[in-house]
Amino acid sequence: MCIRDRYKDHVVGKYTFDQALGGMRGVKGLLWDGSKLDPIEGIRIRGFSIPELQKKLQKVEGGDEPLPEAVYWLLMTGEIPTDQQCKDLTRELQHRAHMSEQDRNFIQSLPEFHHPMTSLAMAILYFQKDSQFATAYSNGIPKSEYWRYTHEDALNLLAKIPKIAAYLYRRKYKNATYIAPNYKLDWAGNFAHMLGYNQHEVKECIRGYLSIHSDHEGGNVSAHTSHLIGSALSDPYLAMSSAVNGLAGPLHGLANQEVLRFLLDAQDRVGEDATDQELKDFVLAHLKSGRVIPGYGHAVLRNTDPRFIHQKRFAQKYIKNDPLVNLVHKFEEIVPPILQELGKVKNPFPNVDAHSGVLLYHYGFLEFEYYTVIFAVSRALGCLSNLVWARALNLPLERPNSIDLNWVKKNLDNQQQAQQ
């Protein structure tokens, strides 16, 4: 018996009008099997916490950060890969990463004035020409085969997206001086190499960044967007390009840029050697001006984000006496009590964005607006694996109901009167 038939009449939950108008927070409305976000423990990918992933997944020799391709294997299979399976997947992605001269010319033709997330979305759409799912669907295939062609597209796009992202970076910020891939490296290490960063620490930073940002259950904007677009049987290129556009929003993927600007502003106003009281005064003045403290609070989490803790430990191991990194750790102690006292947010603790940008900045990655592109490369792991499973499970077109204000007045007023 399939899971839908077995549980189709069971109640999943109830929700209020406030939830319907409040971004559907807390409304359980879609299946996303790759990860689950616990308000206290944080994200679990296929049941494994961030510390467990760091302990169990493969790493490069001499490294501590999990390999993102091992995360993808876990998302796809629900199992920790063997060393050989991880190596095989790395080689498979290397094999599929080839681009033609025509492909490279298209990327080079994209306007330099575009935001890099706009260029990334356009480049992914360009490669839709190679979609095996779109071709197979137009030729007529049974539903039972949808997942196979979606899987092929997912692997091909996952293989190419680091190269696309690196080309965009080198073109916009480094005078179009491109760096050839080094296929002796892992997926993330090669991405860092093509960006122009070959230090071991930076490669480790990118490996960790791509792994811990890979998936965050299905309700966030980028994940939900890819799921929604994919439910129309749009191929992975169309779905992932849409996810990138969602990630480009200030309330989603751009948050780490806002944090970095906030930190630099704080450092400029109170100095590198500011006392705790001076930092508290700065935070209070910032809030009094009607602005929020970026990097604090979360729609689901009610505790410090384990991904923040992961990055903090990375910084404690590799980074010594960086004033901006130290400021992040000071704010971790100072900001939550202030937010709790003012009742500003349900979760006053730091999230992943409170730390991710400052690590990149420390290693000389000064192009703020590109940070979200790295996030997008990471989020491809979760979005693409879910698209494969959505087609394997034959999940239907997503089509929720909406309400208008007349419905609200008619139905909810009647509810109030009945309760009186």
# chains A, B, ... in the order shown; residues from 1 in each chain; ligands from 1
$ residues_around --residues "A:Ser402" --least-positions-apart "6" --cutoff "12 Å" --atoms "only C-alpha atoms" --output "JSON, numbers by chain"
{"A": [17, 20, 21, 24, 408]}
$ select_by_dssp --residues "stretch 31-210 of chain A" --states "alpha helix (DSSP H)" --output "ChimeraX atom specification"
/A:50-56,68-77,83-96,101-109,116-126,132-139,146-173,187-195,200-210
$ residues_around --residues "stretch 107-122 of chain A" --least-positions-apart "5" --cutoff "10 Å" --atoms "only C-alpha atoms" --output "PyMOL selection string"
chain A and resi 102+127+161+164-165+167-169+171-173+176+237-238+240-249+369-374+376-377
$ closest_residue --among "A:Gly218, A:Pro39, A:Pro142, A:Gly13" --to "A:Gly297" --atoms "only C-alpha atoms"
A:Pro39
$ atom_distance --atom1 "atom CA of A:Phe314" --atom2 "atom CA of A:Glu201"
9.5 Å
$ closest_residue --among "A:Ala223, A:Ile338, A:Leu264, A:Leu74" --to "A:Lys280" --atoms "only C-alpha atoms"
A:Ile338
$ closest_residue --among "A:Ala188, A:Val335, A:Ile40, A:Ile3" --to "A:Leu301" --atoms "only C-alpha atoms"
A:Ile40
$ closest_residue --among "A:Asn401, A:Trp389, A:Leu359, A:Met99" --to "A:Arg313" --atoms "only C-alpha atoms"
A:Leu359
$ closest_residue --among "A:Cys86, A:Ala274, A:Val325, A:Ile124" --to "A:Pro68" --atoms "only C-alpha atoms"
A:Cys86
$ residues_around --residues "A:Ile179" --least-positions-apart "3" --cutoff "8 Å" --atoms "only C-alpha atoms" --output "PyMOL selection string"
chain A and resi 193-196
$ atom_distance --atom1 "atom CA of A:Pro81" --atom2 "atom CA of A:Leu67"
10.9 Å
$ closest_residue --among "A:Trp32, A:Leu324, A:Ser378, A:Val388" --to "A:His151" --atoms "only C-alpha atoms"
A:Val388
$ residues_around --residues "A:Arg96" --least-positions-apart "6" --cutoff "8 Å" --atoms "only C-alpha atoms" --output "list in words"
Leu155, Asn156, Ala159 and Lys160 of chain A
$ decode --residues "stretch 370-394 of chain A" --atoms "N, CA, C and O atoms" --output "JSON list (two decimals), in the first residue's frame"
[["chain", "number", "residue", "atom", "x", "y", "z"],
["A", 370, "TYR", "N", 28.35, 38.67, -4.46],
["A", 370, "TYR", "CA", 28.57, 37.32, -4.99],
["A", 370, "TYR", "C", 28.30, 36.23, -3.95],
["A", 370, "TYR", "O", 28.14, 35.07, -4.31],
["A", 371, "TYR", "N", 28.25, 36.60, -2.69],
["A", 371, "TYR", "CA", 28.11, 35.59, -1.64],
["A", 371, "TYR", "C", 26.90, 34.70, -1.86],
["A", 371, "TYR", "O", 26.93, 33.49, -1.60],
["A", 372, "THR", "N", 25.80, 35.28, -2.35],
["A", 372, "THR", "CA", 24.58, 34.50, -2.53],
["A", 372, "THR", "C", 24.73, 33.48, -3.66],
["A", 372, "THR", "O", 24.04, 32.47, -3.69],
["A", 373, "VAL", "N", 25.63, 33.74, -4.60],
["A", 373, "VAL", "CA", 25.90, 32.76, -5.65],
["A", 373, "VAL", "C", 26.48, 31.48, -5.04],
["A", 373, "VAL", "O", 26.11, 30.36, -5.42],
["A", 374, "ILE", "N", 27.38, 31.65, -4.07],
["A", 374, "ILE", "CA", 27.94, 30.48, -3.39],
["A", 374, "ILE", "C", 26.82, 29.73, -2.66],
["A", 374, "ILE", "O", 26.77, 28.49, -2.67],
["A", 375, "PHE", "N", 25.92, 30.47, -2.04],
["A", 375, "PHE", "CA", 24.75, 29.88, -1.39],
["A", 375, "PHE", "C", 23.94, 29.07, -2.41],
["A", 375, "PHE", "O", 23.50, 27.95, -2.14],
["A", 376, "ALA", "N", 23.75, 29.63, -3.60],
["A", 376, "ALA", "CA", 22.97, 28.95, -4.63],
["A", 376, "ALA", "C", 23.63, 27.66, -5.09],
["A", 376, "ALA", "O", 22.95, 26.65, -5.33],
["A", 377, "VAL", "N", 24.95, 27.67, -5.23],
["A", 377, "VAL", "CA", 25.67, 26.44, -5.59],
["A", 377, "VAL", "C", 25.40, 25.36, -4.55],
["A", 377, "VAL", "O", 25.14, 24.20, -4.87],
["A", 378, "SER", "N", 25.44, 25.77, -3.28],
["A", 378, "SER", "CA", 25.18, 24.83, -2.20],
["A", 378, "SER", "C", 23.73, 24.33, -2.22],
["A", 378, "SER", "O", 23.47, 23.12, -2.13],
["A", 379, "ARG", "N", 22.77, 25.25, -2.36],
["A", 379, "ARG", "CA", 21.37, 24.88, -2.29],
["A", 379, "ARG", "C", 20.95, 23.99, -3.46],
["A", 379, "ARG", "O", 19.93, 23.28, -3.38],
["A", 380, "ALA", "N", 21.73, 23.97, -4.53],
["A", 380, "ALA", "CA", 21.45, 23.06, -5.64],
["A", 380, "ALA", "C", 21.44, 21.60, -5.18],
["A", 380, "ALA", "O", 20.68, 20.77, -5.70],
["A", 381, "LEU", "N", 22.27, 21.28, -4.19],
["A", 381, "LEU", "CA", 22.33, 19.91, -3.67],
["A", 381, "LEU", "C", 20.96, 19.47, -3.16],
["A", 381, "LEU", "O", 20.49, 18.37, -3.47],
["A", 382, "GLY", "N", 20.33, 20.31, -2.34],
["A", 382, "GLY", "CA", 19.04, 19.97, -1.77],
["A", 382, "GLY", "C", 17.91, 20.05, -2.76],
["A", 382, "GLY", "O", 17.06, 19.14, -2.84],
["A", 383, "CYS", "N", 17.87, 21.12, -3.54],
["A", 383, "CYS", "CA", 16.77, 21.31, -4.49],
["A", 383, "CYS", "C", 16.76, 20.23, -5.57],
["A", 383, "CYS", "O", 15.69, 19.68, -5.90],
["A", 384, "LEU", "N", 17.91, 19.92, -6.12],
["A", 384, "LEU", "CA", 17.97, 18.94, -7.20],
["A", 384, "LEU", "C", 17.67, 17.52, -6.71],
["A", 384, "LEU", "O", 16.97, 16.76, -7.39],
["A", 385, "SER", "N", 18.18, 17.17, -5.54],
["A", 385, "SER", "CA", 17.87, 15.83, -5.01],
["A", 385, "SER", "C", 16.38, 15.68, -4.73],
["A", 385, "SER", "O", 15.78, 14.62, -4.98],
["A", 386, "ASN", "N", 15.76, 16.74, -4.22],
["A", 386, "ASN", "CA", 14.32, 16.67, -3.96],
["A", 386, "ASN", "C", 13.52, 16.54, -5.25],
["A", 386, "ASN", "O", 12.50, 15.83, -5.29],
["A", 387, "LEU", "N", 13.95, 17.21, -6.31],
["A", 387, "LEU", "CA", 13.24, 17.10, -7.58],
["A", 387, "LEU", "C", 13.24, 15.65, -8.10],
["A", 387, "LEU", "O", 12.23, 15.17, -8.63],
["A", 388, "VAL", "N", 14.37, 14.98, -7.92],
["A", 388, "VAL", "CA", 14.43, 13.57, -8.34],
["A", 388, "VAL", "C", 13.43, 12.74, -7.55],
["A", 388, "VAL", "O", 12.66, 11.94, -8.11],
["A", 389, "TRP", "N", 13.41, 12.94, -6.24],
["A", 389, "TRP", "CA", 12.50, 12.16, -5.40],
["A", 389, "TRP", "C", 11.04, 12.53, -5.63],
["A", 389, "TRP", "O", 10.14, 11.67, -5.55],
["A", 390, "ALA", "N", 10.78, 13.78, -5.93],
["A", 390, "ALA", "CA", 9.40, 14.19, -6.22],
["A", 390, "ALA", "C", 8.86, 13.47, -7.45],
["A", 390, "ALA", "O", 7.69, 13.07, -7.50],
["A", 391, "ARG", "N", 9.73, 13.29, -8.44],
["A", 391, "ARG", "CA", 9.29, 12.57, -9.64],
["A", 391, "ARG", "C", 9.23, 11.06, -9.38],
["A", 391, "ARG", "O", 8.37, 10.37, -9.89],
["A", 392, "ALA", "N", 10.14, 10.55, -8.55],
["A", 392, "ALA", "CA", 10.11, 9.12, -8.22],
["A", 392, "ALA", "C", 8.84, 8.76, -7.44],
["A", 392, "ALA", "O", 8.26, 7.69, -7.62],
["A", 393, "LEU", "N", 8.41, 9.68, -6.58],
["A", 393, "LEU", "CA", 7.21, 9.46, -5.77],
["A", 393, "LEU", "C", 5.94, 9.90, -6.50],
["A", 393, "LEU", "O", 4.83, 9.78, -5.96],
["A", 394, "ASN", "N", 6.11, 10.42, -7.72],
["A", 394, "ASN", "CA", 4.97, 10.86, -8.53],
["A", 394, "ASN", "C", 4.12, 11.88, -7.78],
["A", 394, "ASN", "O", 2.88, 11.82, -7.79]]
